[in-house]
$ cat coords.csv   # CSV, C-alpha atoms
chain,number,residue,atom,x,y,z
B,27,MET,CA,5.1,-15.9,25.9
B,28,SER,CA,5.5,-12.4,27.1
B,29,CYS,CA,4.8,-9.5,24.7
B,30,ASP,CA,8.0,-7.6,25.0
B,31,ALA,CA,10.4,-6.9,22.1
B,32,ALA,CA,11.6,-10.5,21.9
B,33,GLY,CA,8.1,-11.9,21.9
B,34,THR,CA,7.1,-9.5,19.2
B,35,VAL,CA,10.1,-10.6,17.1
B,36,ALA,CA,9.1,-14.2,17.6
B,37,ALA,CA,5.6,-13.4,16.5
B,38,VAL,CA,6.8,-11.6,13.4
B,39,ARG,CA,9.0,-14.6,12.5
B,40,ALA,CA,5.9,-16.8,12.8
B,41,VAL,CA,4.0,-14.5,10.5
B,42,ALA,CA,6.8,-14.7,7.9
B,43,ALA,CA,6.7,-18.5,8.1
B,44,THR,CA,2.9,-18.5,7.7
B,45,VAL,CA,3.1,-16.2,4.7
B,46,ALA,CA,5.7,-18.4,3.1
B,47,GLU,CA,3.5,-21.4,3.7
B,48,HIS,CA,0.4,-19.8,2.1
B,49,ARG,CA,2.3,-18.0,-0.7
B,50,VAL,CA,1.0,-20.2,-3.6
B,51,GLU,CA,-2.5,-20.2,-2.2
B,52,LEU,CA,-2.6,-16.4,-1.9
B,53,THR,CA,-1.3,-15.9,-5.4
B,54,HIS,CA,-3.8,-18.4,-6.7
B,55,LEU,CA,-6.7,-16.4,-5.0
B,56,ASP,CA,-5.3,-13.2,-6.4
B,57,ARG,CA,-5.1,-14.7,-9.9
B,58,GLU,CA,-8.9,-15.3,-9.8
B,59,ILE,CA,-9.8,-11.7,-9.1
B,60,GLY,CA,-6.6,-9.6,-9.2
B,61,ASP,CA,-3.2,-9.4,-10.7
B,62,GLY,CA,-1.9,-12.7,-9.3
B,63,ASP,CA,1.0,-11.5,-7.3
B,64,HIS,CA,-0.3,-11.2,-3.7
B,65,GLY,CA,1.4,-14.3,-2.3
B,66,GLU,CA,4.7,-13.6,-4.1
B,67,ASN,CA,4.7,-9.9,-3.0
B,68,LEU,CA,4.0,-10.6,0.6
B,69,ALA,CA,6.5,-13.5,0.7
B,70,ARG,CA,9.2,-11.2,-0.7
B,71,GLY,CA,8.3,-8.6,1.9
B,72,PHE,CA,8.5,-10.9,4.9
B,73,THR,CA,11.7,-12.5,3.6
B,74,ALA,CA,13.2,-9.0,3.7
B,75,VAL,CA,11.7,-8.5,7.2
B,76,LEU,CA,13.5,-11.6,8.4
B,77,THR,CA,16.8,-10.4,6.9
B,78,LYS,CA,16.3,-7.0,8.7
B,79,LEU,CA,15.4,-8.7,12.0
B,80,ASP,CA,18.7,-10.8,11.9
B,81,ALA,CA,20.7,-7.5,11.8
B,82,ALA,CA,18.6,-5.4,14.2
B,83,GLU,CA,17.9,-5.5,17.9
B,84,PRO,CA,14.6,-3.5,18.2
B,85,ALA,CA,14.3,-2.0,21.7
B,86,ASP,CA,10.5,-2.5,22.2
B,87,PRO,CA,7.4,-4.0,20.4
B,88,ALA,CA,6.8,-0.7,18.6
B,89,ALA,CA,10.3,-0.7,17.1
B,90,VAL,CA,9.7,-4.3,15.8
B,91,LEU,CA,6.4,-3.3,14.1
B,92,LYS,CA,8.0,-0.2,12.7
B,93,LEU,CA,10.8,-2.3,11.1
B,94,VAL,CA,8.1,-4.5,9.6
B,95,ALA,CA,6.2,-1.5,8.3
B,96,THR,CA,9.1,0.3,6.6
B,97,THR,CA,10.4,-3.0,5.1
B,98,LEU,CA,7.0,-4.0,3.7
B,99,ILE,CA,6.5,-0.5,2.2
B,100,SER,CA,10.0,-0.7,0.5
B,101,THR,CA,9.7,-4.2,-0.8
B,102,VAL,CA,6.1,-5.2,-1.4
B,103,GLY,CA,5.3,-3.9,-4.9
B,104,GLY,CA,1.5,-3.9,-4.9
B,105,ALA,CA,-1.3,-2.2,-3.0
B,106,ALA,CA,-0.5,-4.6,-0.1
B,107,GLY,CA,2.8,-2.8,0.6
B,108,PRO,CA,1.5,0.6,1.4
B,109,LEU,CA,-1.6,-0.9,3.1
B,110,PHE,CA,0.0,-3.4,5.4
B,111,GLY,CA,2.9,-1.0,5.8
B,112,THR,CA,0.6,1.8,7.0
B,113,GLY,CA,-1.2,-0.6,9.2
B,114,PHE,CA,1.9,-1.8,11.0
B,115,LEU,CA,3.2,1.8,11.2
B,116,ARG,CA,0.0,3.0,12.9
B,117,ALA,CA,0.1,0.1,15.2
B,118,ALA,CA,3.7,0.9,16.1
B,119,THR,CA,2.8,4.5,16.8
B,120,SER,CA,-0.1,3.5,19.1
B,121,LEU,CA,2.2,1.4,21.3
B,122,GLY,CA,4.6,4.2,22.0
B,123,ASP,CA,7.7,3.1,23.8
B,124,ALA,CA,6.1,0.6,26.1
B,125,ALA,CA,8.5,-2.3,26.9
B,126,GLU,CA,5.7,-4.8,27.3
B,127,ILE,CA,2.2,-4.7,26.0
B,128,ASP,CA,-1.1,-6.1,27.4
B,129,GLY,CA,-4.3,-7.2,25.8
B,130,THR,CA,-5.8,-3.7,25.8
B,131,ALA,CA,-2.7,-2.3,24.1
B,132,VAL,CA,-3.0,-5.0,21.4
B,133,ALA,CA,-6.6,-4.1,20.8
B,134,THR,CA,-5.8,-0.4,20.6
B,135,ALA,CA,-2.9,-1.1,18.2
B,136,LEU,CA,-5.1,-3.3,16.0
B,137,THR,CA,-7.7,-0.5,15.9
B,138,ALA,CA,-5.0,2.0,14.9
B,139,ALA,CA,-3.8,-0.4,12.1
B,140,ARG,CA,-7.3,-0.8,10.7
B,141,ASP,CA,-7.9,3.0,10.8
B,142,GLY,CA,-4.6,3.4,8.9
B,143,VAL,CA,-5.6,0.9,6.3
B,144,VAL,CA,-9.0,2.6,5.8
B,145,ALA,CA,-7.3,6.0,5.6
B,146,ARG,CA,-4.9,4.7,2.9
B,147,GLY,CA,-7.2,2.6,0.8
B,148,LYS,CA,-10.5,4.4,1.4
B,149,ALA,CA,-12.3,1.0,1.5
B,150,GLU,CA,-15.4,0.5,3.6
B,151,SER,CA,-16.9,-2.7,5.1
B,152,GLY,CA,-18.5,-4.8,2.3
B,153,ASP,CA,-16.1,-3.6,-0.4
B,154,LYS,CA,-14.4,-7.1,-0.5
B,155,THR,CA,-11.0,-5.9,0.8
B,156,MET,CA,-8.8,-6.6,3.8
B,157,VAL,CA,-11.0,-4.2,5.8
B,158,ASP,CA,-13.6,-7.0,5.8
B,159,ALA,CA,-11.2,-9.1,7.9
B,160,LEU,CA,-9.8,-6.2,9.9
B,161,THR,CA,-12.9,-4.6,11.2
B,162,PRO,CA,-14.4,-7.8,12.6
B,163,ALA,CA,-11.0,-8.4,14.1
B,164,VAL,CA,-10.9,-5.0,15.8
B,165,ASN,CA,-14.4,-5.5,17.2
B,166,ALA,CA,-13.6,-8.9,18.6
B,167,ALA,CA,-10.3,-7.6,20.0
B,168,LYS,CA,-11.9,-4.7,21.7
B,169,ALA,CA,-14.7,-6.9,23.2
B,170,ALA,CA,-12.1,-9.4,24.5
B,171,ALA,CA,-9.8,-6.6,25.9
B,172,ALA,CA,-12.8,-5.0,27.7
B,173,GLY,CA,-13.3,-8.3,29.4
B,174,GLY,CA,-9.7,-8.3,30.7
B,175,ALA,CA,-8.4,-10.8,28.2
B,176,SER,CA,-4.7,-11.5,27.8
B,177,VAL,CA,-2.6,-10.7,24.7
B,178,ALA,CA,-3.0,-14.3,23.5
B,179,GLN,CA,-6.8,-14.2,24.1
B,180,VAL,CA,-7.2,-10.8,22.4
B,181,LEU,CA,-5.2,-12.0,19.3
B,182,THR,CA,-7.1,-15.3,19.2
B,183,ALA,CA,-10.4,-13.5,19.2
B,184,ALA,CA,-9.2,-11.1,16.5
B,185,ALA,CA,-7.8,-13.9,14.4
B,186,ASP,CA,-10.9,-16.0,14.5
B,187,ALA,CA,-13.1,-13.0,13.6
B,188,ALA,CA,-10.7,-12.0,10.7
B,189,THR,CA,-10.8,-15.6,9.3
B,190,THR,CA,-14.6,-15.6,9.5
B,191,GLY,CA,-14.7,-12.1,7.9
B,192,ALA,CA,-12.4,-13.2,5.1
B,193,ALA,CA,-14.7,-16.2,4.3
B,194,GLU,CA,-17.6,-13.8,4.2
B,195,THR,CA,-16.0,-11.9,1.3
B,196,VAL,CA,-16.8,-14.8,-1.0
B,197,PRO,CA,-20.3,-13.6,-2.0
B,198,MET,CA,-19.4,-9.9,-2.1
B,199,GLN,CA,-18.9,-7.9,-5.2
B,200,ALA,CA,-15.6,-6.0,-5.1
B,201,ARG,CA,-15.9,-2.2,-5.0
B,202,LYS,CA,-12.2,-1.3,-4.5
B,203,GLY,CA,-8.9,-2.4,-6.1
B,204,ARG,CA,-8.2,-4.3,-9.2
B,205,ALA,CA,-11.0,-6.8,-8.5
B,206,SER,CA,-13.6,-4.0,-8.8
B,207,TYR,CA,-12.9,-3.9,-12.6
B,208,LEU,CA,-14.4,-7.4,-12.7
B,209,GLY,CA,-17.8,-6.3,-11.5
B,210,GLU,CA,-20.1,-9.2,-10.8
B,211,ARG,CA,-17.5,-11.6,-11.9
B,212,SER,CA,-15.7,-10.9,-8.6
B,213,ILE,CA,-18.5,-12.6,-6.8
B,214,GLY,CA,-17.8,-16.2,-5.6
B,215,HIS,CA,-14.1,-15.7,-4.8
B,216,GLN,CA,-12.5,-15.0,-1.5
B,217,ASP,CA,-10.6,-11.8,-1.3
B,218,PRO,CA,-6.8,-12.3,-1.2
B,219,GLY,CA,-6.1,-9.3,1.1
B,220,ALA,CA,-8.8,-10.3,3.6
B,221,THR,CA,-7.4,-13.9,3.5
B,222,SER,CA,-3.8,-12.9,4.1
B,223,THR,CA,-5.0,-10.6,6.9
B,224,GLY,CA,-6.6,-13.6,8.6
B,225,TYR,CA,-3.4,-15.6,8.2
B,226,LEU,CA,-1.3,-12.8,9.7
B,227,LEU,CA,-3.5,-12.5,12.7
B,228,GLN,CA,-3.7,-16.4,13.1
B,229,ALA,CA,0.1,-16.4,13.2
B,230,PHE,CA,0.3,-13.6,15.7
B,231,ALA,CA,-2.3,-15.4,17.9
B,232,GLY,CA,-0.4,-18.7,17.6
B,233,ALA,CA,2.9,-17.1,18.6
B,234,ALA,CA,1.3,-15.4,21.6
B,235,THR,CA,-0.4,-18.6,22.7
B,236,GLY,CA,2.9,-20.4,22.5
J,6,MET,CA,14.4,25.6,-12.7
J,7,THR,CA,11.2,24.0,-13.8
J,8,VAL,CA,8.5,21.9,-12.3
J,9,GLY,CA,9.3,18.2,-12.8
J,10,LEU,CA,7.2,15.2,-13.6
J,11,VAL,CA,7.2,11.7,-11.9
J,12,LEU,CA,5.5,8.9,-13.9
J,13,VAL,CA,4.4,6.0,-11.7
J,14,SER,CA,3.6,2.9,-13.6
J,15,HIS,CA,3.4,-0.8,-12.9
J,16,SER,CA,5.6,-1.4,-15.9
J,17,GLN,CA,9.2,-0.1,-16.3
J,18,GLN,CA,8.6,0.0,-20.0
J,19,LEU,CA,5.3,1.9,-19.8
J,20,ALA,CA,6.8,4.6,-17.5
J,21,GLN,CA,9.9,4.9,-19.7
J,22,GLY,CA,7.9,4.9,-22.9
J,23,LEU,CA,5.7,7.7,-21.6
J,24,ALA,CA,8.7,9.7,-20.4
J,25,ASP,CA,10.1,9.4,-23.9
J,26,VAL,CA,6.8,10.5,-25.5
J,27,ALA,CA,6.2,13.5,-23.1
J,28,GLY,CA,9.9,14.5,-23.2
J,29,GLN,CA,9.8,14.9,-27.0
J,30,MET,CA,7.7,18.0,-26.6
J,31,ALA,CA,9.3,19.2,-23.3
J,32,PRO,CA,13.0,18.9,-23.6
J,33,SER,CA,13.6,21.3,-20.7
J,34,VAL,CA,11.6,19.3,-18.2
J,35,THR,CA,12.9,16.5,-15.9
J,36,ILE,CA,10.5,13.6,-16.4
J,37,ALA,CA,11.5,10.8,-14.0
J,38,PRO,CA,9.9,7.4,-14.8
J,39,ALA,CA,9.2,5.2,-11.8
J,40,GLY,CA,8.0,2.0,-13.4
J,41,GLY,CA,7.9,-1.6,-12.1
J,42,GLN,CA,9.5,-3.0,-9.0
J,43,GLN,CA,13.2,-2.7,-8.2
J,44,ASP,CA,13.9,-6.1,-9.8
J,45,GLY,CA,12.1,-5.0,-13.0
J,46,SER,CA,9.0,-7.1,-12.4
J,47,ILE,CA,5.4,-5.7,-12.7
J,48,GLY,CA,4.4,-3.6,-9.7
J,49,THR,CA,5.2,-0.3,-8.1
J,50,SER,CA,8.1,0.6,-5.9
J,51,PHE,CA,8.3,3.0,-3.0
J,52,GLU,CA,12.1,3.2,-3.4
J,53,LEU,CA,11.9,3.9,-7.2
J,54,ILE,CA,9.2,6.5,-6.7
J,55,THR,CA,11.1,8.2,-3.9
J,56,ALA,CA,14.2,8.3,-6.1
J,57,ALA,CA,12.2,9.7,-9.0
J,58,ILE,CA,10.8,12.5,-6.8
J,59,GLU,CA,14.3,13.5,-5.7
J,60,GLN,CA,15.3,13.6,-9.4
J,61,ALA,CA,12.2,15.6,-10.6
J,62,ASP,CA,11.9,18.1,-7.8
J,63,SER,CA,14.6,20.8,-8.2
J,64,GLY,CA,12.8,23.0,-5.7
J,65,ASP,CA,10.0,24.2,-7.9
J,66,GLY,CA,8.0,21.1,-7.2
J,67,ALA,CA,6.9,18.0,-9.0
J,68,VAL,CA,3.7,16.6,-10.4
J,69,LEU,CA,3.2,12.9,-10.0
J,70,LEU,CA,0.9,10.9,-12.3
J,71,TYR,CA,0.1,7.2,-11.9
J,72,ASP,CA,-1.4,4.5,-14.1
J,73,LEU,CA,-3.5,2.4,-11.7
J,74,GLY,CA,-5.0,2.7,-8.2
J,75,SER,CA,-2.3,0.8,-6.3
J,76,GLY,CA,0.3,3.1,-7.9
J,77,PHE,CA,-1.6,5.9,-6.1
J,78,LEU,CA,-1.3,4.1,-2.8
J,79,THR,CA,2.5,3.7,-3.2
J,80,ALA,CA,2.9,7.2,-4.4
J,81,GLU,CA,0.9,8.7,-1.6
J,82,THR,CA,3.0,6.7,0.9
J,83,ALA,CA,6.2,8.0,-0.7
J,84,VAL,CA,5.0,11.6,-0.5
J,85,GLU,CA,4.1,11.2,3.1
J,86,PHE,CA,7.6,10.0,3.9
J,87,LEU,CA,9.2,13.2,2.4
J,88,GLU,CA,10.2,16.1,4.6
J,89,PRO,CA,7.0,18.2,5.1
J,90,GLU,CA,8.6,21.1,3.4
J,91,GLN,CA,9.2,19.1,0.2
J,92,ALA,CA,5.9,17.1,0.5
J,93,GLU,CA,4.0,20.4,0.1
J,94,ARG,CA,5.3,20.8,-3.5
J,95,VAL,CA,5.0,17.2,-4.7
J,96,VAL,CA,1.4,16.8,-5.9
J,97,ILE,CA,-0.2,13.6,-7.0
J,98,VAL,CA,-2.7,14.4,-9.7
J,99,ASP,CA,-5.6,12.1,-10.8
J,100,ALA,CA,-5.4,12.6,-14.5
J,101,PRO,CA,-5.3,10.4,-17.7
J,102,PHE,CA,-1.8,8.9,-17.5
J,103,VAL,CA,-0.6,9.5,-21.1
J,104,LEU,CA,-2.5,12.6,-22.1
J,105,GLY,CA,-2.0,14.1,-18.6
J,106,ALA,CA,1.8,13.5,-18.8
J,107,VAL,CA,2.1,15.2,-22.2
J,108,SER,CA,-0.1,18.1,-21.2
J,109,ALA,CA,1.6,18.6,-17.9
J,110,ALA,CA,5.1,18.3,-19.5
J,111,ILE,CA,4.3,21.0,-22.0
J,112,ALA,CA,2.9,23.3,-19.3
J,113,ALA,CA,6.1,22.9,-17.4
J,114,HIS,CA,8.3,23.3,-20.5
J,115,VAL,CA,6.7,26.8,-21.2
J,116,GLY,CA,7.6,27.9,-17.7
J,117,GLY,CA,4.4,27.1,-15.8
J,118,ASP,CA,4.5,27.0,-12.0
J,119,LEU,CA,3.3,24.1,-10.0
J,120,ARG,CA,-0.4,25.2,-10.1
J,121,THR,CA,-0.3,25.7,-13.9
J,122,VAL,CA,1.3,22.3,-14.4
J,123,ILE,CA,-1.3,20.6,-12.2
J,124,ALA,CA,-4.0,22.4,-14.3
J,125,GLY,CA,-2.2,21.2,-17.4
J,126,ALA,CA,-2.5,17.6,-16.3
J,127,LEU,CA,-6.2,18.0,-15.3
J,128,ASP,CA,-7.0,19.6,-18.7
J,129,ALA,CA,-6.2,16.3,-20.3
J,130,ARG,CA,-9.4,14.9,-18.7
J,131,SER,CA,-11.4,16.6,-21.3
J,132,ALA,CA,-8.9,16.5,-24.2
J,133,ASN,CA,-10.2,13.2,-25.3
J,134,GLY,CA,-13.7,13.7,-24.2
J,135,PRO,CA,-16.7,15.2,-26.0
J,136,GLY,CA,-14.5,16.9,-28.6
J,137,GLY,CA,-12.7,13.7,-29.4
J,138,VAL,CA,-15.9,11.7,-29.7
J,139,ARG,CA,-17.5,14.3,-31.9
J,140,ALA,CA,-14.5,14.1,-34.2
J,141,LEU,CA,-15.4,10.5,-34.8
J,142,ASP,CA,-18.9,11.3,-36.2

$ encode --input "coords.csv" --output "structure tokens"
Amino acid sequence: MSCDAAGTVAAVRAVAATVAEHRVELTHLDREIGDGDHGENLARGFTAVLTKLDAAEPADPAAVLKLVATTLISTVGGAAGPLFGTGFLRAATSLGDAAEIDGTAVATALTAARDGVVARGKAESGDKTMVDALTPAVNAAKAAAAGGASVAQVLTAAADAATTGAAETVPMQARKGRASYLGERSIGHQDPGATSTGYLLQAFAGAATG
Amino acid sequence: MTVGLVLVSHSQQLAQGLADVAGQMAPSVTIAPAGGQQDGSIGTSFELITAAIEQADSGDGAVLLYDLGSGFLTAETAVEFLEPEQAERVVIVDAPFVLGAVSAAIAAHVGGDLRTVIAGALDARSANGPGGVRALD
């Protein structure tokens, strides 16, 4: 699958399907250490994204990601809205108006997304947030791209690192977000935001691999 | 024209209730509640916050207070999407939500400019501090 506008739309549709599939699980994780709405909020956001995609014909990959960003910001009523929204927006900006993107562009976009999330949420690695999935993903994507990897290979490396990173949030004590109020009781649960970040990247990788 | 207030809460009722309380002492001030999501469920809404800013900012600026951290994230995003000229005069203040809103509303009601209203909200940080604790002794 090529990574032009149509390929990006197909990938976003795959992400929406993945979010819907994991809605209950994400909400359950969020009920353990948060406010119990992560799955519902993300599912609402990506349902709205699908509706917008049906009516739009984005010209390039950046336009697709920008549509996702503004829709998530408008419709996801938790911290995930501004955080994912900012991430997608920064990724879109980094792609410019390129009609097709390669592995290097994907790694650069993912880096921009992570930097945007960090700027918005002020979280650092080890705080038990989505940054703990994103930063390993960025590092893996950069390494793969430096070796000349394709879009699918870069996204697969990023997704695998994000999934591992999400699993590694289990023993962490939360230092950001609602879970931080739980103190030591946040230990032993996987962070919902890191988990959904892993699912998003797995869906992107799956779509790119075809 | 006065400085307006935007009250960002995860709950429609909490934002509205606080607007009612603060408004009682500041009838001349536009206090725009932005509570809950658009369907009324618990959360914060970029769209509701953006609409509340438009309502509260008459040109003299607006002070925005929030109840929880994710409200700050949504509020910050909403301010970033404003025209730069307006964004300069819409200020998110980290202050106690209830006391800060009442204190800022009064500062605006008596004609305070943006800087004074921000200071009013920040004053609330100490209003229930050492003095309040001492009063319990």

$ interface_residues --input "coords.csv" --of "chain J" --to "chain B" --cutoff "12 Å" --atoms "all atoms listed in the file" --output "mmCIF file with C-alpha atoms, in the frame of the given file"
data_model
loop_
_atom_site.group_PDB
_atom_site.id
_atom_site.type_symbol
_atom_site.label_atom_id
_atom_site.label_comp_id
_atom_site.auth_asym_id
_atom_site.auth_seq_id
_atom_site.Cartn_x
_atom_site.Cartn_y
_atom_site.Cartn_z
ATOM 1 C CA SER J 14 3.600 2.900 -13.600
ATOM 2 C CA HIS J 15 3.400 -0.800 -12.900
ATOM 3 C CA SER J 16 5.600 -1.400 -15.900
ATOM 4 C CA GLY J 40 8.000 2.000 -13.400
ATOM 5 C CA GLY J 41 7.900 -1.600 -12.100
ATOM 6 C CA GLN J 42 9.500 -3.000 -9.000
ATOM 7 C CA GLN J 43 13.200 -2.700 -8.200
ATOM 8 C CA ASP J 44 13.900 -6.100 -9.800
ATOM 9 C CA GLY J 45 12.100 -5.000 -13.000
ATOM 10 C CA SER J 46 9.000 -7.100 -12.400
ATOM 11 C CA ILE J 47 5.400 -5.700 -12.700
ATOM 12 C CA GLY J 48 4.400 -3.600 -9.700
ATOM 13 C CA THR J 49 5.200 -0.300 -8.100
ATOM 14 C CA SER J 50 8.100 0.600 -5.900
ATOM 15 C CA PHE J 51 8.300 3.000 -3.000
ATOM 16 C CA GLU J 52 12.100 3.200 -3.400
ATOM 17 C CA LEU J 53 11.900 3.900 -7.200
ATOM 18 C CA ILE J 54 9.200 6.500 -6.700
ATOM 19 C CA THR J 55 11.100 8.200 -3.900
ATOM 20 C CA ALA J 56 14.200 8.300 -6.100
ATOM 21 C CA LEU J 73 -3.500 2.400 -11.700
ATOM 22 C CA GLY J 74 -5.000 2.700 -8.200
ATOM 23 C CA SER J 75 -2.300 0.800 -6.300
ATOM 24 C CA GLY J 76 0.300 3.100 -7.900
ATOM 25 C CA PHE J 77 -1.600 5.900 -6.100
ATOM 26 C CA LEU J 78 -1.300 4.100 -2.800
ATOM 27 C CA THR J 79 2.500 3.700 -3.200
ATOM 28 C CA ALA J 80 2.900 7.200 -4.400
ATOM 29 C CA GLU J 81 0.900 8.700 -1.600
ATOM 30 C CA THR J 82 3.000 6.700 0.900
ATOM 31 C CA ALA J 83 6.200 8.000 -0.700
ATOM 32 C CA VAL J 84 5.000 11.600 -0.500
ATOM 33 C CA GLU J 85 4.100 11.200 3.100
ATOM 34 C CA PHE J 86 7.600 10.000 3.900
#

$ atom_distance --input "coords.csv" --atom1 "atom CA of Leu119 of chain J" --atom2 "atom CA of Ala24 of chain J"
18.6 Å

$ closest_residue --input "coords.csv" --among "J:Ala109, J:Ile58, J:Leu87, J:Val115" --to "Met6 of chain J" --atoms "all atoms listed in the file"
J:Val115

$ closest_residue --input "coords.csv" --among "B:Ala175, B:Ala234, B:Leu208, B:Val35" --to "Thr130 of chain B" --atoms "only C-alpha atoms"
B:Ala175

$ residues_around --input "coords.csv" --residues "Arg49 of chain B" --least-positions-apart "6" --cutoff "10 Å" --atoms "only C-alpha atoms" --output "list in words"
Ala43, Asp63, His64, Gly65, Glu66, Asn67, Leu68, Ala69, Arg70 and Ser222 of chain B

$ atom_distance --input "coords.csv" --atom1 "atom CA of Thr189 of chain B" --atom2 "atom CA of Thr155 of chain B"
12.9 Å

$ residues_near_point --input "coords.csv" --point "(15.8, -5.4, 10.4)" --cutoff "10 Å" --atoms "only C-alpha atoms" --output "count of residues only"
18

$ closest_residue --input "coords.csv" --among "J:Ala20, J:Gly9, J:Gln29, J:Leu104" --to "Gly116 of chain J" --atoms "all atoms listed in the file"
J:Gly9

$ atom_distance --input "coords.csv" --atom1 "atom CA of Asp86 of chain B" --atom2 "atom CA of Ala125 of chain B"
5.1 Å

$ closest_residue --input "coords.csv" --among "B:Ser120, B:Thr34, B:Thr190, B:Thr73" --to "Gly224 of chain B" --atoms "all atoms listed in the file"
B:Thr190

$ closest_residue --input "coords.csv" --among "J:Pro38, J:Ala100, J:Gln21, J:Asp128" --to "Ala112 of chain J" --atoms "all atoms listed in the file"
J:Asp128

$ closest_residue --input "coords.csv" --among "J:Ile97, J:Val103, J:Arg130, J:Asp65" --to "Val34 of chain J" --atoms "all atoms listed in the file"
J:Asp65

$ axis_aligned_box --input "coords.csv" --around "segment 31-46 of chain J" --padding-each-side "8 Å" --output "lines of an AutoDock Vina configuration file"
center_x = 10.9
center_y = 7.1
center_z = -15.9
size_x = 22.0
size_y = 44.4
size_z = 31.4

$ residues_around --input "coords.csv" --residues "Ala205 of chain B" --least-positions-apart "6" --cutoff "9 Å" --atoms "all atoms listed in the file" --output "list in words"
Asp56, Glu58, Ile59, Gly60, Asp61, Lys154, Gln199, Arg211, Ser212 and Asp217 of chain B

$ residues_around --input "coords.csv" --residues "Ala170 of chain B" --least-positions-apart "4" --cutoff "10 Å" --atoms "all atoms listed in the file" --output "list in words"
Gly129, Thr130, Ala133, Val164, Asn165, Ala166, Gly174, Ala175, Ser176, Val177, Gln179, Val180, Leu181, Thr182, Ala183 and Ala184 of chain B

$ residues_around --input "coords.csv" --residues "Ala27 of chain J" --least-positions-apart "6" --cutoff "7 Å" --atoms "all atoms listed in the file" --output "mmCIF file with C-alpha atoms, in the frame of the given file"
data_model
loop_
_atom_site.group_PDB
_atom_site.id
_atom_site.type_symbol
_atom_site.label_atom_id
_atom_site.label_comp_id
_atom_site.auth_asym_id
_atom_site.auth_seq_id
_atom_site.Cartn_x
_atom_site.Cartn_y
_atom_site.Cartn_z
ATOM 1 C CA ALA J 106 1.800 13.500 -18.800
ATOM 2 C CA VAL J 107 2.100 15.200 -22.200
ATOM 3 C CA ALA J 110 5.100 18.300 -19.500
#

$ residues_around --input "coords.csv" --residues "Ala113 of chain J" --least-positions-apart "4" --cutoff "7 Å" --atoms "all atoms listed in the file" --output "PyMOL selection string"
chain J and resi 7-8+34+109+117-118+122

$ decode --input "coords.csv" --residues "segment 62-75 of chain J" --atoms "N, CA and C atoms" --output "PDB file, in the first residue's frame"
ATOM      1  N   ASP J  62     -15.188  37.368  26.254  1.00  0.00           N
ATOM      2  CA  ASP J  62     -14.223  38.390  25.836  1.00  0.00           C
ATOM      3  C   ASP J  62     -14.897  39.443  24.966  1.00  0.00           C
ATOM      4  N   SER J  63     -15.131  40.602  25.555  1.00  0.00           N
ATOM      5  CA  SER J  63     -15.772  41.682  24.796  1.00  0.00           C
ATOM      6  C   SER J  63     -14.733  42.606  24.184  1.00  0.00           C
ATOM      7  N   GLY J  64     -13.460  42.228  24.299  1.00  0.00           N
ATOM      8  CA  GLY J  64     -12.392  43.072  23.780  1.00  0.00           C
ATOM      9  C   GLY J  64     -11.416  43.482  24.875  1.00  0.00           C
ATOM     10  N   ASP J  65     -11.907  43.412  26.123  1.00  0.00           N
ATOM     11  CA  ASP J  65     -11.039  43.735  27.259  1.00  0.00           C
ATOM     12  C   ASP J  65     -10.302  42.517  27.788  1.00  0.00           C
ATOM     13  N   GLY J  66     -10.628  41.370  27.233  1.00  0.00           N
ATOM     14  CA  GLY J  66      -9.949  40.155  27.648  1.00  0.00           C
ATOM     15  C   GLY J  66     -10.799  39.283  28.549  1.00  0.00           C
ATOM     16  N   ALA J  67     -10.298  38.092  28.805  1.00  0.00           N
ATOM     17  CA  ALA J  67     -11.005  37.142  29.654  1.00  0.00           C
ATOM     18  C   ALA J  67      -9.998  36.331  30.461  1.00  0.00           C
ATOM     19  N   VAL J  68     -10.424  36.001  31.676  1.00  0.00           N
ATOM     20  CA  VAL J  68      -9.627  35.114  32.519  1.00  0.00           C
ATOM     21  C   VAL J  68     -10.327  33.766  32.553  1.00  0.00           C
ATOM     22  N   LEU J  69      -9.547  32.717  32.358  1.00  0.00           N
ATOM     23  CA  LEU J  69     -10.100  31.374  32.270  1.00  0.00           C
ATOM     24  C   LEU J  69      -9.591  30.539  33.434  1.00  0.00           C
ATOM     25  N   LEU J  70     -10.526  29.980  34.184  1.00  0.00           N
ATOM     26  CA  LEU J  70     -10.175  29.115  35.315  1.00  0.00           C
ATOM     27  C   LEU J  70     -10.671  27.704  35.027  1.00  0.00           C
ATOM     28  N   TYR J  71      -9.973  26.706  35.598  1.00  0.00           N
ATOM     29  CA  TYR J  71     -10.333  25.307  35.298  1.00  0.00           C
ATOM     30  C   TYR J  71     -10.329  24.489  36.577  1.00  0.00           C
ATOM     31  N   ASP J  72     -11.032  23.351  36.527  1.00  0.00           N
ATOM     32  CA  ASP J  72     -11.168  22.551  37.754  1.00  0.00           C
ATOM     33  C   ASP J  72     -10.118  21.451  37.889  1.00  0.00           C
ATOM     34  N   LEU J  73      -9.699  20.844  36.769  1.00  0.00           N
ATOM     35  CA  LEU J  73      -8.760  19.720  36.820  1.00  0.00           C
ATOM     36  C   LEU J  73      -7.788  19.833  35.657  1.00  0.00           C
ATOM     37  N   GLY J  74      -6.690  19.088  35.750  1.00  0.00           N
ATOM     38  CA  GLY J  74      -5.612  19.216  34.772  1.00  0.00           C
ATOM     39  C   GLY J  74      -6.014  19.042  33.317  1.00  0.00           C
ATOM     40  N   SER J  75      -6.890  18.074  33.033  1.00  0.00           N
ATOM     41  CA  SER J  75      -7.237  17.872  31.622  1.00  0.00           C
ATOM     42  C   SER J  75      -8.085  19.039  31.112  1.00  0.00           C
TER      43      SER J  75
END
